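Trainee: This is input_33.cif (mmCIF, C-alpha atoms and all ligand atoms).
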data_target
#
loop_
_atom_site.group_PDB
_atom_site.id
_atom_site.type_symbol
_atom_site.label_atom_id
_atom_site.label_comp_id
_atom_site.auth_asym_id
_atom_site.auth_seq_id
_atom_site.Cartn_x
_atom_site.Cartn_y
_atom_site.Cartn_z
ATOM 1 C CA MET A 1 2.138 7.543 -51.015
ATOM 2 C CA ARG A 2 1.486 11.093 -49.871
ATOM 3 C CA GLY A 3 -0.951 9.705 -47.285
ATOM 4 C CA ASP A 4 1.765 7.348 -45.990
ATOM 5 C CA TYR A 5 4.105 10.286 -45.431
ATOM 6 C CA LEU A 6 1.374 12.230 -43.646
ATOM 7 C CA ILE A 7 0.707 9.319 -41.295
ATOM 8 C CA LEU A 8 4.436 8.899 -40.698
ATOM 9 C CA ALA A 9 4.827 12.630 -39.999
ATOM 10 C CA GLY A 10 1.843 12.481 -37.590
ATOM 11 C CA VAL A 11 3.279 9.508 -35.719
ATOM 12 C CA LEU A 12 6.692 11.177 -35.553
ATOM 13 C CA LEU A 13 5.154 14.411 -34.242
ATOM 14 C CA PHE A 14 3.186 12.466 -31.630
ATOM 15 C CA VAL A 15 6.304 10.576 -30.461
ATOM 16 C CA LEU A 16 8.535 13.663 -30.385
ATOM 17 C CA VAL A 17 6.052 15.965 -28.627
ATOM 18 C CA THR A 18 4.979 13.323 -26.107
ATOM 19 C CA THR A 19 8.589 12.374 -25.346
ATOM 20 C CA TYR A 20 9.480 16.044 -24.898
ATOM 21 C CA TYR A 21 6.720 16.438 -22.282
ATOM 22 C CA VAL A 22 7.730 13.211 -20.528
ATOM 23 C CA VAL A 23 11.216 14.705 -20.213
ATOM 24 C CA ILE A 24 10.061 18.090 -18.915
ATOM 25 C CA THR A 25 7.404 16.759 -16.510
ATOM 26 C CA GLY A 26 9.400 13.682 -15.509
ATOM 27 C CA ILE A 27 6.434 11.327 -15.992
ATOM 28 C CA SER A 28 4.589 9.612 -18.833
ATOM 29 C CA PRO A 29 0.794 9.788 -19.283
ATOM 30 C CA MET A 30 0.417 6.228 -17.962
ATOM 31 C CA PRO A 31 -3.154 5.831 -16.627
ATOM 32 C CA SER A 32 -4.047 4.595 -13.149
ATOM 33 C CA SER A 33 -5.065 0.941 -13.224
ATOM 34 C CA ARG A 34 -8.706 -0.129 -13.011
ATOM 35 C CA THR A 35 -8.092 -1.469 -9.484
ATOM 36 C CA SER A 36 -6.587 1.770 -8.221
ATOM 37 C CA ARG A 37 -9.297 3.860 -9.908
ATOM 38 C CA ARG A 38 -11.917 1.774 -8.136
ATOM 39 C CA LYS A 39 -10.160 2.272 -4.784
ATOM 40 C CA ILE A 40 -9.737 6.015 -5.328
ATOM 41 C CA ASN A 41 -13.424 6.364 -6.244
ATOM 42 C CA GLU A 42 -14.379 4.472 -3.102
ATOM 43 C CA ILE A 43 -12.231 6.814 -0.954
ATOM 44 C CA LEU A 44 -13.669 9.960 -2.564
ATOM 45 C CA ASN A 45 -17.228 8.647 -2.355
ATOM 46 C CA LEU A 46 -16.857 7.861 1.336
ATOM 47 C CA ALA A 47 -15.491 11.356 1.964
ATOM 48 C CA GLY A 48 -18.426 12.888 0.057
ATOM 49 C CA VAL A 49 -16.302 15.456 -1.763
ATOM 50 C CA CYS A 50 -17.728 17.832 -4.382
ATOM 51 C CA ALA A 51 -14.800 19.568 -6.101
ATOM 52 C CA VAL A 52 -12.021 17.229 -7.193
ATOM 53 C CA VAL A 53 -8.809 18.109 -9.025
ATOM 54 C CA ASP A 54 -6.655 15.609 -10.915
ATOM 55 C CA LEU A 55 -3.096 16.964 -11.007
ATOM 56 C CA GLY A 56 -1.787 15.636 -14.316
ATOM 57 C CA ALA A 57 -4.803 13.879 -15.793
ATOM 58 C CA GLY A 58 -3.018 12.084 -18.674
ATOM 59 C CA TRP A 59 -5.584 10.547 -21.065
ATOM 60 C CA GLY A 60 -8.354 11.200 -18.522
ATOM 61 C CA ASP A 61 -8.934 7.671 -17.219
ATOM 62 C CA LEU A 62 -8.919 8.620 -13.550
ATOM 63 C CA ALA A 63 -10.713 11.968 -13.931
ATOM 64 C CA PHE A 64 -13.516 10.462 -16.054
ATOM 65 C CA SER A 65 -13.990 7.502 -13.750
ATOM 66 C CA ILE A 66 -14.278 9.844 -10.730
ATOM 67 C CA ALA A 67 -16.810 12.008 -12.540
ATOM 68 C CA LYS A 68 -18.870 8.954 -13.528
ATOM 69 C CA ALA A 69 -18.716 7.473 -10.034
ATOM 70 C CA MET A 70 -19.771 10.790 -8.468
ATOM 71 C CA PRO A 71 -22.242 12.500 -10.807
ATOM 72 C CA GLU A 72 -22.919 15.252 -8.248
ATOM 73 C CA SER A 73 -19.264 16.238 -8.096
ATOM 74 C CA GLU A 74 -17.168 18.418 -10.414
ATOM 75 C CA THR A 75 -13.746 17.200 -11.515
ATOM 76 C CA MET A 76 -11.068 19.481 -12.905
ATOM 77 C CA ALA A 77 -8.520 17.658 -15.067
ATOM 78 C CA TYR A 78 -5.230 19.516 -15.621
ATOM 79 C CA GLU A 79 -2.810 18.168 -18.188
ATOM 80 C CA LEU A 80 0.249 19.783 -19.751
ATOM 81 C CA SER A 81 1.178 17.300 -22.467
ATOM 82 C CA PRO A 82 -0.681 18.321 -25.678
ATOM 83 C CA PHE A 83 -1.628 14.908 -27.116
ATOM 84 C CA PRO A 84 -3.066 13.401 -23.916
ATOM 85 C CA TRP A 85 -4.874 16.700 -23.314
ATOM 86 C CA LEU A 86 -6.315 16.647 -26.862
ATOM 87 C CA VAL A 87 -7.452 13.037 -26.512
ATOM 88 C CA MET A 88 -9.111 13.913 -23.184
ATOM 89 C CA LYS A 89 -10.807 16.933 -24.726
ATOM 90 C CA VAL A 90 -12.175 14.898 -27.675
ATOM 91 C CA ARG A 91 -13.186 11.999 -25.411
ATOM 92 C CA ASN A 92 -14.982 14.390 -23.117
ATOM 93 C CA GLY A 93 -16.680 16.256 -25.969
ATOM 94 C CA LEU A 94 -17.910 13.032 -27.578
ATOM 95 C CA PHE A 95 -18.786 10.854 -24.612
ATOM 96 C CA GLY A 96 -18.804 13.079 -21.524
ATOM 97 C CA PRO A 97 -19.274 12.986 -18.642
ATOM 98 C CA ARG A 98 -20.315 16.611 -18.390
ATOM 99 C CA ASN A 99 -19.056 17.071 -14.829
ATOM 100 C CA VAL A 100 -15.409 17.077 -15.956
ATOM 101 C CA THR A 101 -13.538 20.187 -17.048
ATOM 102 C CA VAL A 102 -10.451 19.455 -19.122
ATOM 103 C CA ARG A 103 -7.790 22.139 -19.098
ATOM 104 C CA ARG A 104 -4.360 22.293 -20.688
ATOM 105 C CA ALA A 105 -2.262 23.860 -17.950
ATOM 106 C CA ASP A 106 0.756 23.399 -15.755
ATOM 107 C CA PHE A 107 -0.916 22.541 -12.459
ATOM 108 C CA ARG A 108 1.915 24.265 -10.591
ATOM 109 C CA LYS A 109 0.657 27.562 -12.005
ATOM 110 C CA VAL A 110 -3.070 27.294 -11.259
ATOM 111 C CA SER A 111 -4.877 28.094 -8.043
ATOM 112 C CA LEU A 112 -6.240 25.107 -6.152
ATOM 113 C CA ALA A 113 -8.347 27.206 -3.786
ATOM 114 C CA GLY A 114 -11.833 25.792 -3.223
ATOM 115 C CA THR A 115 -10.804 22.213 -3.960
ATOM 116 C CA ASP A 116 -12.265 19.485 -1.710
ATOM 117 C CA ALA A 117 -10.000 16.708 -2.864
ATOM 118 C CA VAL A 118 -6.855 16.324 -4.938
ATOM 119 C CA VAL A 119 -5.947 13.125 -6.744
ATOM 120 C CA CYS A 120 -2.648 12.452 -8.447
ATOM 121 C CA TYR A 121 -0.478 9.784 -9.998
ATOM 122 C CA LEU A 122 2.896 11.506 -9.987
ATOM 123 C CA TYR A 123 6.225 10.527 -8.378
ATOM 124 C CA SER A 124 7.679 11.290 -4.971
ATOM 125 C CA GLU A 125 10.337 13.879 -6.016
ATOM 126 C CA LEU A 126 7.664 15.954 -7.756
ATOM 127 C CA LEU A 127 5.149 15.361 -4.962
ATOM 128 C CA GLU A 128 7.608 16.779 -2.445
ATOM 129 C CA LYS A 129 7.526 20.073 -4.388
ATOM 130 C CA VAL A 130 3.758 19.924 -4.953
ATOM 131 C CA ARG A 131 3.256 19.427 -1.202
ATOM 132 C CA HIS A 132 4.232 23.065 -0.537
ATOM 133 C CA LYS A 133 1.612 24.269 -3.020
ATOM 134 C CA LEU A 134 -1.029 22.034 -1.425
ATOM 135 C CA GLU A 135 -0.157 23.343 2.041
ATOM 136 C CA ALA A 136 -0.279 26.946 0.852
ATOM 137 C CA GLU A 137 -3.519 26.775 -1.148
ATOM 138 C CA LEU A 138 -5.736 24.083 0.347
ATOM 139 C CA LYS A 139 -7.637 24.216 3.612
ATOM 140 C CA PRO A 140 -6.159 22.060 6.372
ATOM 141 C CA GLY A 141 -7.920 18.709 6.326
ATOM 142 C CA THR A 142 -8.435 18.670 2.538
ATOM 143 C CA LEU A 143 -8.271 15.147 1.159
ATOM 144 C CA VAL A 144 -5.252 14.252 -1.014
ATOM 145 C CA VAL A 145 -5.154 10.821 -2.643
ATOM 146 C CA SER A 146 -1.893 9.802 -4.273
ATOM 147 C CA ASN A 147 -1.805 6.756 -6.499
ATOM 148 C CA VAL A 148 1.285 4.543 -6.028
ATOM 149 C CA PHE A 149 3.699 7.176 -4.650
ATOM 150 C CA ASP A 150 3.980 8.663 -1.184
ATOM 151 C CA ILE A 151 4.248 12.383 -0.484
ATOM 152 C CA PRO A 152 7.553 12.975 1.294
ATOM 153 C CA GLY A 153 7.122 15.018 4.492
ATOM 154 C CA TRP A 154 3.528 13.974 5.148
ATOM 155 C CA THR A 155 2.227 11.039 7.138
ATOM 156 C CA PRO A 156 -0.589 9.177 5.390
ATOM 157 C CA GLU A 157 -3.953 8.813 7.088
ATOM 158 C CA ALA A 158 -4.190 5.422 5.356
ATOM 159 C CA VAL A 159 -2.276 3.287 2.881
ATOM 160 C CA HIS A 160 -4.456 0.930 0.852
ATOM 161 C CA LYS A 161 -2.544 -2.065 -0.437
ATOM 162 C CA LEU A 162 -3.863 -3.377 -3.734
ATOM 163 C CA TYR A 163 -3.385 -6.707 -5.484
ATOM 164 C CA ASP A 164 -2.146 -4.911 -8.545
ATOM 165 C CA SER A 165 1.418 -4.980 -9.855
ATOM 166 C CA GLN A 166 1.075 -1.663 -11.722
ATOM 167 C CA CYS A 167 -0.491 0.258 -8.828
ATOM 168 C CA PRO A 168 0.308 -1.648 -5.626
ATOM 169 C CA GLN A 169 -0.920 1.036 -3.212
ATOM 170 C CA VAL A 170 -2.943 4.189 -2.800
ATOM 171 C CA TYR A 171 -1.937 6.784 -0.187
ATOM 172 C CA VAL A 172 -4.558 8.887 1.573
ATOM 173 C CA TYR A 173 -3.548 12.177 3.183
ATOM 174 C CA ARG A 174 -5.156 15.183 4.802
ATOM 175 C CA VAL A 175 -3.478 18.550 4.277
ATOM 176 C CA PRO A 176 -1.820 19.266 7.621
ATOM 177 C CA ASP A 177 -2.547 22.437 9.530
ATOM 178 C CA ARG A 178 0.675 24.393 9.386
ATOM 179 C CA THR A 179 -0.555 27.620 10.925
ATOM 180 C CA ALA A 180 1.642 29.122 13.645
ATOM 181 C CA ALA A 181 -0.686 27.834 16.362
ATOM 182 C CA ALA A 182 -0.637 24.328 14.970
ATOM 183 C CA VAL A 183 3.132 24.401 14.640
ATOM 184 C CA ALA A 184 3.441 25.607 18.260
ATOM 185 C CA ALA A 185 1.146 22.807 19.405
ATOM 186 C CA GLY A 186 2.965 20.274 17.250
ATOM 187 C CA VAL A 187 -0.255 19.494 15.350
ATOM 188 C CA GLY A 188 -0.164 18.420 11.712
ATOM 189 C CA LEU A 189 3.598 18.148 11.560
ATOM 190 C CA ALA A 190 4.277 14.906 9.882
ATOM 191 C CA GLY A 191 7.906 15.337 9.012
HETATM 192 C C1 LIG B 1 1.055 8.965 -14.631
HETATM 193 S S1 LIG B 1 0.056 10.161 -15.479
HETATM 194 C C2 LIG B 1 -1.424 10.095 -14.514
HETATM 195 C C3 LIG B 1 -2.681 10.211 -15.354
HETATM 196 C C4 LIG B 1 -3.989 10.225 -14.570
HETATM 197 N N1 LIG B 1 -3.935 11.097 -13.417
HETATM 198 C C5 LIG B 1 -4.375 8.839 -14.123
HETATM 199 O O1 LIG B 1 -4.125 8.549 -12.931
HETATM 200 O O2 LIG B 1 -4.916 8.054 -14.906
HETATM 201 C C6 LIG B 1 0.812 11.702 -14.938
HETATM 202 C C7 LIG B 1 0.466 12.883 -15.845
HETATM 203 O O3 LIG B 1 0.840 14.086 -15.171
HETATM 204 C C8 LIG B 1 1.162 15.039 -16.186
HETATM 205 N N2 LIG B 1 1.907 16.140 -15.545
HETATM 206 C C9 LIG B 1 3.098 16.062 -14.890
HETATM 207 N N3 LIG B 1 3.476 17.282 -14.455
HETATM 208 C C10 LIG B 1 2.481 18.133 -14.815
HETATM 209 C C11 LIG B 1 2.280 19.538 -14.629
HETATM 210 N N4 LIG B 1 3.176 20.287 -13.977
HETATM 211 N N5 LIG B 1 1.141 20.097 -15.101
HETATM 212 C C12 LIG B 1 0.218 19.327 -15.758
HETATM 213 N N6 LIG B 1 0.357 18.009 -15.989
HETATM 214 C C13 LIG B 1 1.471 17.413 -15.527
HETATM 215 C C14 LIG B 1 1.974 14.228 -17.174
HETATM 216 O O4 LIG B 1 2.018 14.853 -18.430
HETATM 217 C C15 LIG B 1 1.202 12.896 -17.180
HETATM 218 O O5 LIG B 1 0.279 12.857 -18.225
#
Would you mind writing the file's structure down as structure tokens?
Mentor:
Amino acid sequence: MRGDYLILAGVLLFVLVTTYYVVITGISPMPSSRTSRRKINEILNLAGVCAVVDLGAGWGDLAFSIAKAMPESETMAYELSPFPWLVMKVRNGLFGPRNVTVRRADFRKVSLAGTDAVVCYLYSELLEKVRHKLEAELKPGTLVVSNVFDIPGWTPEAVHKLYDSQCPQVYVYRVPDRTAAAVAAGVGLAG
């Protein structure tokens, strides 16, 4: 009986904490689909990137698949919600891969300097805010791959349509050059 109550309390804690983080972040830890993960891996592989960051890594599906697809690369997986982060941490500890670092952090508060490529599965209102951070901290030309949602204010380099009802497209961007010279020349201004 005592065990039943413990399980019930655990489930309740999981639901309450996870719901709380869905409310504060505005998004659930829903993983990218297998089709979109495959497409994102293909894009990153073609670009030959080394240091990848997953902004909001959820349960780790995308970050782990990138790390497995590119064993020479290093993937940083940031996640704020405690249960998805814990699952990722345990998954990573038990099964690897070793080229993933799992960190519980608000990605808005960490430095992205030195990143070759950013991947995300967020939503457009949040991406509009994140865009300013990407412009401020990443080198112009850095690859940004957004699953499903576009980044308002940027023009995609490519949009890959997928036969997948959960993840119907993947947007590919390059961080625009917003230095004074580029602005004067009208380069990299996509909105
Ligand atoms: C839709 S899931 C994507 C999971 C994973 N990237 C994938 O594609 O499989 C979005 C995740 O972003 C996380 N998230 C949203 N805002 C965040 C923030 N500011 N810092 C860290 N994680 C955040 C949410 O908690 C959620 O787990």
Trainee: Ranking A:Pro71, A:Gly114, A:Gly26, A:Gly60 by minimum distance to Val90 in chain A and counting all atoms listed in the file, which one comes first?
Mentor: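 The answer is A:Gly60, which sits nearest to Val90 in chain A.
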Trainee: Write as a list in words the residues around ligand LIG 1 (chain B), taking 6 Å as the cut-off and counting only C-alpha atoms and all ligand atoms.
Mentor: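 With only C-alpha atoms and all ligand atoms and a cut-off of 6 Å, ligand LIG 1 (chain B) is contacted by Thr25, Ile27, Ser28, Pro29, Met30, Pro31, Ser32, Asp54, Gly56, Ala57, Gly58, Gly60, Asp61, Leu62, Tyr78, Glu79, Leu80, Ser81, Ala105, Asp106, Phe107, Arg108, Cys120, Tyr121 and Leu122 of chain A.
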Trainee: Skipping near chain neighbours, those fewer than 6 positions away, what residues fall within 8 Å of Val145 in chain A using only C-alpha atoms, listed as a PyMOL selection string?
Mentor: chain A and resi 40+117-120+170-173
Trainee: Evaluate the PyMOL selection byres (((chain A and resi 126) around 10) and not hetatm) and record the selected residues as number ranges by chain, following the chain and residue labels used in the document.
Mentor: A: 25-27, 122-125, 127-131, 151-152
Trainee: Suppose you want the space between CA of Phe14 in chain A and CA of Val148 in chain A; what is it in Å?
Mentor: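 Taking CA of Phe14 in chain A as the start and CA of Val148 in chain A as the end point, the length is 26.9 Å.
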Trainee: Record the distance separating CA of Trp85 in chain A and CA of Val100 in chain A, expressed in Å with one decimal.
Mentor: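 Atom-to-atom, CA of Trp85 in chain A to CA of Val100 in chain A, that is 12.9 Å.
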Trainee: Could you check the closest approach to Leu143 in chain A for each of A:Lys39, A:Lys109, A:Arg104, A:Arg174 and tell me which residue wins, using all atoms listed in the file?
Mentor: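 The answer is A:Arg174, which sits nearest to Leu143 in chain A.
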Trainee: Give the answer as one residue: which of A:Leu94, A:Phe83, A:Leu134, A:Arg103 has the shortest atom-to-atom distance to Leu16 in chain A, using only C-alpha atoms?
Mentor: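 The closest residue to Leu16 in chain A is A:Phe83.
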Trainee: Pick out the closest residue to Asp116 in chain A from this set: A:Asn147, A:Thr179, A:Gln169, A:Thr75. Count only C-alpha atoms.
Mentor: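 With only C-alpha atoms as the atom set, the closest residue is A:Thr75.
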Trainee: Rounded to one decimal in Å, what is the spacing between CA of Lys133 in chain A and CA of Leu112 in chain A?
Mentor: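 Pair CA of Lys133 in chain A / CA of Leu112 in chain A returns 8.5 Å.
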Trainee: With distances taken over all atoms listed in the file, which residue among A:Leu138, A:Ile66, A:Leu44, A:Ile7 lies nearest Arg98 in chain A?
Mentor: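 Of A:Leu138, A:Ile66, A:Leu44, A:Ile7, the one nearest Arg98 in chain A, counting all atoms listed in the file, is A:Ile66.
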Trainee: Counting only C-alpha atoms, which of A:Phe64, A:Tyr163, A:Ile24, A:Leu46 gets nearest to Gly93 in chain A?
Mentor: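 Among the listed residues, the smallest separation from Gly93 in chain A belongs to A:Phe64.
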Trainee: For the structure shown, which residues end up in the PyMOL selection byres (((chain A and resi 141) around 6) and not hetatm)? Put them as a list of chain:residue names, please?
Mentor: A:Pro140, A:Thr142, A:Arg174, A:Val175
Trainee: Enclose range 147-154 of chain A, meaning all of its atoms listed in the file, in a box aligned along x, y and z, pad it by 4 Å on each side, and list the centre and edge lengths in Å to one decimal, as JSON.
Mentor:
{"center_x": 2.9, "center_y": 9.8, "center_z": -0.7, "size_x": 17.4, "size_y": 18.5, "size_z": 19.6}
